[in-house]
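Data block below; observations after.
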Amino acid sequence: MNHEMYMDAAIEEAKKAAAIGEVPIGAVLVYDNKIIARAFNDRETSQNPLHHAELMVIEQASQLLGKWRLTDCTLYVTLEPCPMCAGAIIQSRVDKLVFGAHDPKAGCVGSLMDLPRDSRFNHAPEVITGIRNEVCSELLTTFFRSLRERNKARKKAMKMIEQENTTCNK
């Protein structure tokens, strides 16, 4: 499989998320060498904590294939899955997981813990890491830097307004 090509498709999904102010995480699910599902995080837009890219592509693929067991499928995601998504990957029997950047704060495929490689589960997908790591990491770094700058500017503006109001009320 051309892991870089499919990860590039997941990166395009992540860019769509960033364009609407969502955390830039994208995913695609591949079956029979074809992308059959695409998604990006949209928790803020949907106000749904379950709207992680991984969960949405798993749901789309299950509906398209008419089955919950996604054997013979490969999931590409730009960021290491969280515990919820790692669990969904195991439960849906995805054969292979490929991700770009590690997530030291919430990743559960090697960073904080390693759910898919825990032998106590009845399914263990093959895991490949680091595909397009630099691009995936940079998307997140740029997004969060911009978010911090916007929040800082907002706080500064609010402080100025408060000072003006205090001055006007004297």
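Ordered as shown in the structure tokens, chains take letters A, B, and onward, while each chain numbers its residues from 1 and ligands are numbered from 1 in the order shown.
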Run DSSP on the backbone and give me the residues of chain A it puts in alpha helix (DSSP H), as an NGL selection string. :A and (3-19 or 43-46 or 53-65 or 83-91 or 133-168)
Give me the residues within 12 Å of Tyr76 in chain A as a PyMOL selection string, counting only C-alpha atoms and dropping any in the same chain fewer than 2 places off. chain A and resi 1-14+25-31+35-40+53-55+57-58+73-74+78-81+89+94-101+126-132+136
May I have the residues within 12 Å of range 145-161 of chain A as a PyMOL selection string, using only C-alpha atoms and disregarding those fewer than 6 positions away in the same chain? chain A and resi 18+21-24+138-139+167-168
Dump N, CA and C atoms for the selected residues as a compact mmCIF listing (two decimals), in the first residue's frame?
# COMPACT_ATOMS: atom_id res chain seq x y z
N ALA A 18 -9.11 22.52 10.01
CA ALA A 18 -8.45 23.77 10.40
C ALA A 18 -9.14 24.97 9.76
N GLY A 21 -11.90 26.12 11.85
CA GLY A 21 -11.59 26.35 13.25
C GLY A 21 -11.60 25.12 14.14
N GLU A 22 -11.63 23.96 13.54
CA GLU A 22 -11.58 22.70 14.29
C GLU A 22 -10.13 22.25 14.43
N VAL A 23 -9.85 21.45 15.45
CA VAL A 23 -8.51 20.88 15.59
C VAL A 23 -8.23 20.06 14.33
N PRO A 24 -7.10 20.32 13.67
CA PRO A 24 -6.83 19.68 12.38
C PRO A 24 -6.41 18.22 12.48
N GLU A 138 3.15 19.65 12.14
CA GLU A 138 3.15 21.09 11.82
C GLU A 138 1.73 21.64 11.72
N LEU A 139 0.82 20.87 11.17
CA LEU A 139 -0.59 21.32 11.11
C LEU A 139 -1.11 21.63 12.51
N THR A 167 -12.47 53.97 33.36
CA THR A 167 -12.13 55.39 33.19
C THR A 167 -13.40 56.21 32.95
N CYS A 168 -14.29 55.70 32.13
CA CYS A 168 -15.54 56.42 31.81
C CYS A 168 -16.47 56.51 33.03
Can you measure CA of Ser92 in chain A to CA of Leu115 in chain A for me? One decimal in Å is fine. 13.7 Å
To one decimal place in Å, what is the distance between CA of Ala106 in chain A and CA of Pro83 in chain A?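 Value for the CA of Ala106 in chain A-CA of Pro83 in chain A distance: 7.4 Å.
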Find the distance between CA of Gln91 in chain A and CA of Asn122 in chain A and write it in Å to one decimal.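 Between CA of Gln91 in chain A and CA of Asn122 in chain A the gap works out to 8.8 Å.
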If you run DSSP on the backbone, which residues of range 15-93 of chain A are strand (DSSP E or B), as JSON, numbers by chain? {"A": [26, 27, 28, 29, 30, 31, 34, 35, 36, 37, 38, 39, 40, 73, 74, 75, 76, 77, 78, 79]}
For Gly110 in chain A, which of A:Ala88, A:Thr142, A:Val77, A:Cys82 is the closest residue, counting only C-alpha atoms?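 Of all the options, A:Cys82 lies closest to Gly110 in chain A.
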